[in-house]
Each structure stands twice: as structure tokens, then as C-alpha cells.
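The block underneath contains the structure these notes are about, expressed in C-alpha cells.
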Amino acid sequence: MNDKDLKGLAVTLNQTLKQEADLRISREIQEREFKSLITNISHDLRTPLTVMKGYLQLLEKCEIDENGRDYLKICIRHSEELEKRVRQFFEYSYWVNQEEVVELTELNVTNLVTDVMTDFIPVFEEKGITMRLEGEKIYKGLGEKELLKRVMQNLLKNCLQYAVGEVVVSIEEWKDSQLRICVANPVAADCRVDANKVFERFYVGNDERNQSAGLGLSIVKLLVEQMQGGVFSGMEDNVFYVGFFIQMK
């Protein structure tokens, strides 16, 4: 290869490196803009929503006919659903902008998971869904208590969207000194959940039945990664499973 060829190769290589650097910078800018957008949206929606709910509550105390009261119930139900979505936006915007390093401590993961499951028993019973924790062994791992609780809460809330049978939670030792926490539940035959996309922002499965802003599992991913862990999901024989890994003590 002569000097001319070497110079041409060097020019091409430099151009490629510059293009990759420009692309990386562009993505970083887009990501910052997206984070800012989510934060602004969540703040902008909270105030008018609070005002609207206040007036609806006042209207409940007024004398209105039966049809009007039925319409009012519909408005209240939808305002409560909207409030849940706004809270999810706000939570996501908080965690996506969180830059502090999370301090990990040794936790009794089995006890924490059991406590969260116990809190969910009434709402699961209301939906006609049962759940159980597999095994009786006590597992300990490295994590942050409040983050781990939030992760489990979001995983169980996700079950309320899709589960049509018993929800099974399992904890087991995994390779590389990790704990694997998994939540599995059967879904309807026509359920269109893409297990490869559930952690993507704003992904939803069955649009016509969805009651989520599509951020619950994205928040799970954010929180688990802050605890230096990883997430997974899959579908097998109409059983959807999702979970995460954290380091053992």
C-alpha cells in the first residue's frame, strides 16, 4: 500500500470517526431534550388536573339528576386514571434525571418481596387474581430498600393489566453470584404483549384494554440499573414473565 492509499484510508477513517462522534452528540442532545420534555409535561399537567378534580368533588355535593350523576362518575373515574398517568410521568422524570449514586446495602430480599405482595392482596382479590411466592428459602442481596420496593410494586401493578390466572413470584440464586427475581402470570390467548419491547418507554400491549402510560416497566429498568442490576422478560406458552437481577451479598 503506497502513501496515497494510506492517506486516503486515514481520511476515510477520520470522517467515519467524526460522523460517529457527531451522531453520539446528537443522541445525547436528543436524550437531554426528551428528559426535559417529560419533566415539563409532568409539571404542566399536575396543576390543571388538581383544579379539575377539585371542581368535580364540589360538583358531587351539588343536587343533580340521576343522568348527571352517572356522567359525573364517568368524569371522576377518568380523572383518577389521568392522575395515575401523570404520577407515572412525574416518577419517570424524577428517576431519569437522577444522577446520584445509589448506596447499596444488604437486604432480606425474601422478606421485602413478601411484604410488597401482602400489600397487594386486596387489589388482587378484587380482580379475582391469586398470587404466591415459590419456595421458603430466605435470600439476601445488595440493593436499596425503597428502590427495590418500587420495583416490586411496579412489577405487580403490571400483572393487574394482563394476568388472567395465578401470579407466581420466584427468587433464586443465579450465575455470577446474582439473585433472580421473577414475576410470571398467564395472559389471555389474544394478548399482544411483545416481551422484547416491554421495557421501552411508552410501549403498551393491548391498546384497547391498556390502562397504563407505558412507563411502569421502564421505571423498573431505571431503578434496577441504579442498583447495578439488570432486567429480563419473555413469553412462554401464554405465560408472560418479567423480572430482574441483583447481586447477592
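If you're wondering about the labels, chains in the C-alpha cells are A, B, ... by order shown, residues count from 1 in each chain, ligands from 1 in order shown.
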
Legend entry - Selection: 9 Å around A:Leu112, only C-alpha atoms, excl. self and same-chain fewer than 5 positions, as a ChimeraX atom specification: /A:107,117,145,148-149,152

Legend entry - DSSP strand (DSSP E or B) residues within stretch 44-218 of chain A, listed as an MDAnalysis selection string: chainID A and resid 105:108 131:133 140:143 163 167:174 178:187

Legend entry - For A:Met131: contacts at 10 Å, only C-alpha atoms, fewer than 3 positions along chain excluded, given as an NGL selection string: :A and (117-118 or 120-121 or 124-125 or 134 or 156 or 165-169 or 183-185)

Please, could you write that set of residues out with all heavy atoms as a CSV table (one decimal), in the first residue's frame?
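Saved result, result14.csv, follows:
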chain,number,residue,atom,x,y,z
A,117,MET,N,-45.9,-8.1,48.3
A,117,MET,CA,-47.0,-9.0,47.9
A,117,MET,C,-48.2,-8.9,48.8
A,117,MET,O,-49.4,-8.8,48.4
A,117,MET,CB,-46.5,-10.4,47.7
A,117,MET,CG,-45.5,-10.6,46.6
A,117,MET,SD,-44.8,-12.3,46.6
A,117,MET,CE,-46.3,-13.2,46.1
A,118,THR,N,-48.0,-8.9,50.1
A,118,THR,CA,-49.0,-8.8,51.1
A,118,THR,C,-49.8,-7.5,50.9
A,118,THR,O,-51.1,-7.5,51.0
A,118,THR,CB,-48.4,-8.8,52.5
A,118,THR,OG1,-47.7,-10.1,52.7
A,118,THR,CG2,-49.6,-8.8,53.6
A,120,PHE,N,-50.5,-6.0,48.2
A,120,PHE,CA,-51.2,-6.1,47.0
A,120,PHE,C,-52.4,-7.1,47.1
A,120,PHE,O,-53.2,-7.2,46.1
A,120,PHE,CB,-50.3,-6.5,45.8
A,120,PHE,CG,-49.7,-5.3,45.2
A,120,PHE,CD1,-48.6,-4.6,45.7
A,120,PHE,CD2,-50.2,-4.8,44.0
A,120,PHE,CE1,-48.1,-3.5,45.1
A,120,PHE,CE2,-49.7,-3.7,43.3
A,120,PHE,CZ,-48.6,-3.0,43.9
A,121,ILE,N,-52.5,-7.9,48.2
A,121,ILE,CA,-53.5,-8.9,48.2
A,121,ILE,C,-54.9,-8.4,48.0
A,121,ILE,O,-55.7,-9.0,47.2
A,121,ILE,CB,-53.4,-9.7,49.6
A,121,ILE,CG1,-52.2,-10.6,49.6
A,121,ILE,CG2,-54.7,-10.5,49.8
A,121,ILE,CD1,-51.9,-11.3,50.9
A,124,PHE,N,-55.5,-7.5,44.3
A,124,PHE,CA,-55.5,-8.8,43.5
A,124,PHE,C,-56.8,-9.5,43.7
A,124,PHE,O,-57.4,-10.1,42.8
A,124,PHE,CB,-54.3,-9.6,43.9
A,124,PHE,CG,-53.1,-9.3,43.1
A,124,PHE,CD1,-52.4,-8.1,43.1
A,124,PHE,CD2,-52.6,-10.3,42.2
A,124,PHE,CE1,-51.3,-7.9,42.4
A,124,PHE,CE2,-51.5,-10.0,41.4
A,124,PHE,CZ,-50.8,-8.8,41.5
A,125,GLU,N,-57.3,-9.6,45.0
A,125,GLU,CA,-58.5,-10.3,45.2
A,125,GLU,C,-59.7,-9.7,44.6
A,125,GLU,O,-60.6,-10.3,44.1
A,125,GLU,CB,-58.8,-10.4,46.7
A,125,GLU,CG,-57.8,-11.4,47.5
A,125,GLU,CD,-58.1,-11.5,49.0
A,125,GLU,OE1,-58.8,-10.6,49.5
A,125,GLU,OE2,-57.6,-12.4,49.6
A,134,GLU,N,-43.0,-18.7,45.4
A,134,GLU,CA,-42.4,-20.1,45.3
A,134,GLU,C,-41.3,-20.2,46.3
A,134,GLU,O,-40.4,-19.4,46.4
A,134,GLU,CB,-41.9,-20.4,43.9
A,134,GLU,CG,-43.0,-20.8,42.9
A,134,GLU,CD,-42.4,-21.3,41.7
A,134,GLU,OE1,-41.2,-21.0,41.4
A,134,GLU,OE2,-43.1,-22.1,41.0
A,156,LEU,N,-45.8,-5.9,40.1
A,156,LEU,CA,-47.1,-6.4,40.4
A,156,LEU,C,-48.3,-5.6,39.8
A,156,LEU,O,-49.3,-6.1,39.4
A,156,LEU,CB,-47.3,-6.5,42.0
A,156,LEU,CG,-46.4,-7.5,42.7
A,156,LEU,CD1,-46.6,-7.4,44.2
A,156,LEU,CD2,-46.6,-8.9,42.1
A,165,GLY,N,-54.8,-15.4,35.5
A,165,GLY,CA,-54.7,-16.5,36.4
A,165,GLY,C,-53.7,-16.2,37.5
A,165,GLY,O,-53.4,-15.1,37.8
A,166,GLU,N,-53.2,-17.3,38.1
A,166,GLU,CA,-52.3,-17.1,39.3
A,166,GLU,C,-51.0,-16.5,38.9
A,166,GLU,O,-50.3,-16.8,37.9
A,166,GLU,CB,-52.0,-18.5,39.9
A,166,GLU,CG,-51.2,-18.4,41.2
A,166,GLU,CD,-51.0,-19.7,41.8
A,166,GLU,OE1,-50.6,-20.7,41.1
A,166,GLU,OE2,-51.3,-19.9,43.0
A,167,VAL,N,-50.6,-15.5,39.7
A,167,VAL,CA,-49.3,-14.8,39.6
A,167,VAL,C,-48.3,-15.5,40.5
A,167,VAL,O,-48.6,-15.7,41.7
A,167,VAL,CB,-49.4,-13.3,40.0
A,167,VAL,CG1,-48.0,-12.7,40.0
A,167,VAL,CG2,-50.4,-12.6,39.0
A,168,VAL,N,-47.2,-15.9,39.9
A,168,VAL,CA,-46.2,-16.7,40.7
A,168,VAL,C,-44.9,-15.8,40.7
A,168,VAL,O,-44.4,-15.4,39.7
A,168,VAL,CB,-45.9,-18.0,40.0
A,168,VAL,CG1,-44.8,-18.7,40.8
A,168,VAL,CG2,-47.1,-18.9,39.9
A,169,VAL,N,-44.4,-15.6,41.9
A,169,VAL,CA,-43.2,-14.8,42.2
A,169,VAL,C,-42.2,-15.8,42.6
A,169,VAL,O,-42.4,-16.6,43.5
A,169,VAL,CB,-43.4,-13.7,43.2
A,169,VAL,CG1,-42.1,-12.9,43.4
A,169,VAL,CG2,-44.5,-12.7,42.8
A,183,VAL,N,-41.5,-12.5,38.1
A,183,VAL,CA,-42.9,-12.4,38.3
A,183,VAL,C,-43.5,-13.0,37.0
A,183,VAL,O,-43.3,-12.5,35.9
A,183,VAL,CB,-43.4,-11.0,38.6
A,183,VAL,CG1,-44.9,-11.0,38.7
A,183,VAL,CG2,-42.8,-10.4,39.8
A,184,ALA,N,-44.3,-14.1,37.1
A,184,ALA,CA,-44.9,-14.7,36.0
A,184,ALA,C,-46.4,-14.9,36.1
A,184,ALA,O,-46.9,-15.1,37.2
A,184,ALA,CB,-44.2,-16.1,35.8
A,185,ASN,N,-47.1,-14.7,35.0
A,185,ASN,CA,-48.5,-14.8,35.1
A,185,ASN,C,-49.1,-15.2,33.7
A,185,ASN,O,-48.5,-14.8,32.7
A,185,ASN,CB,-49.2,-13.5,35.5
A,185,ASN,CG,-48.8,-12.3,34.6
A,185,ASN,OD1,-47.9,-11.6,34.8
A,185,ASN,ND2,-49.6,-12.1,33.5

Legend entry - Shell around A:Asp176 at 12 Å using only C-alpha atoms, local window under 6 positions removed, as a list in words: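 Those residues are Gly229, Phe245, Ile246, Gln247, Met248 and Lys249 of chain A.
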
Inset, instruction - Can you work out the spacing between atom CA of A:Phe90 and atom CA of A:Phe199 in Å, to one decimal? - result: 17.4 Å

Inset, instruction - Just give me the gap between atom CA of A:Glu172 and atom CA of A:Gly230 in Å, one decimal is fine. - result: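 About the pair atom CA of A:Glu172 and atom CA of A:Gly230: they are 14.8 Å apart.
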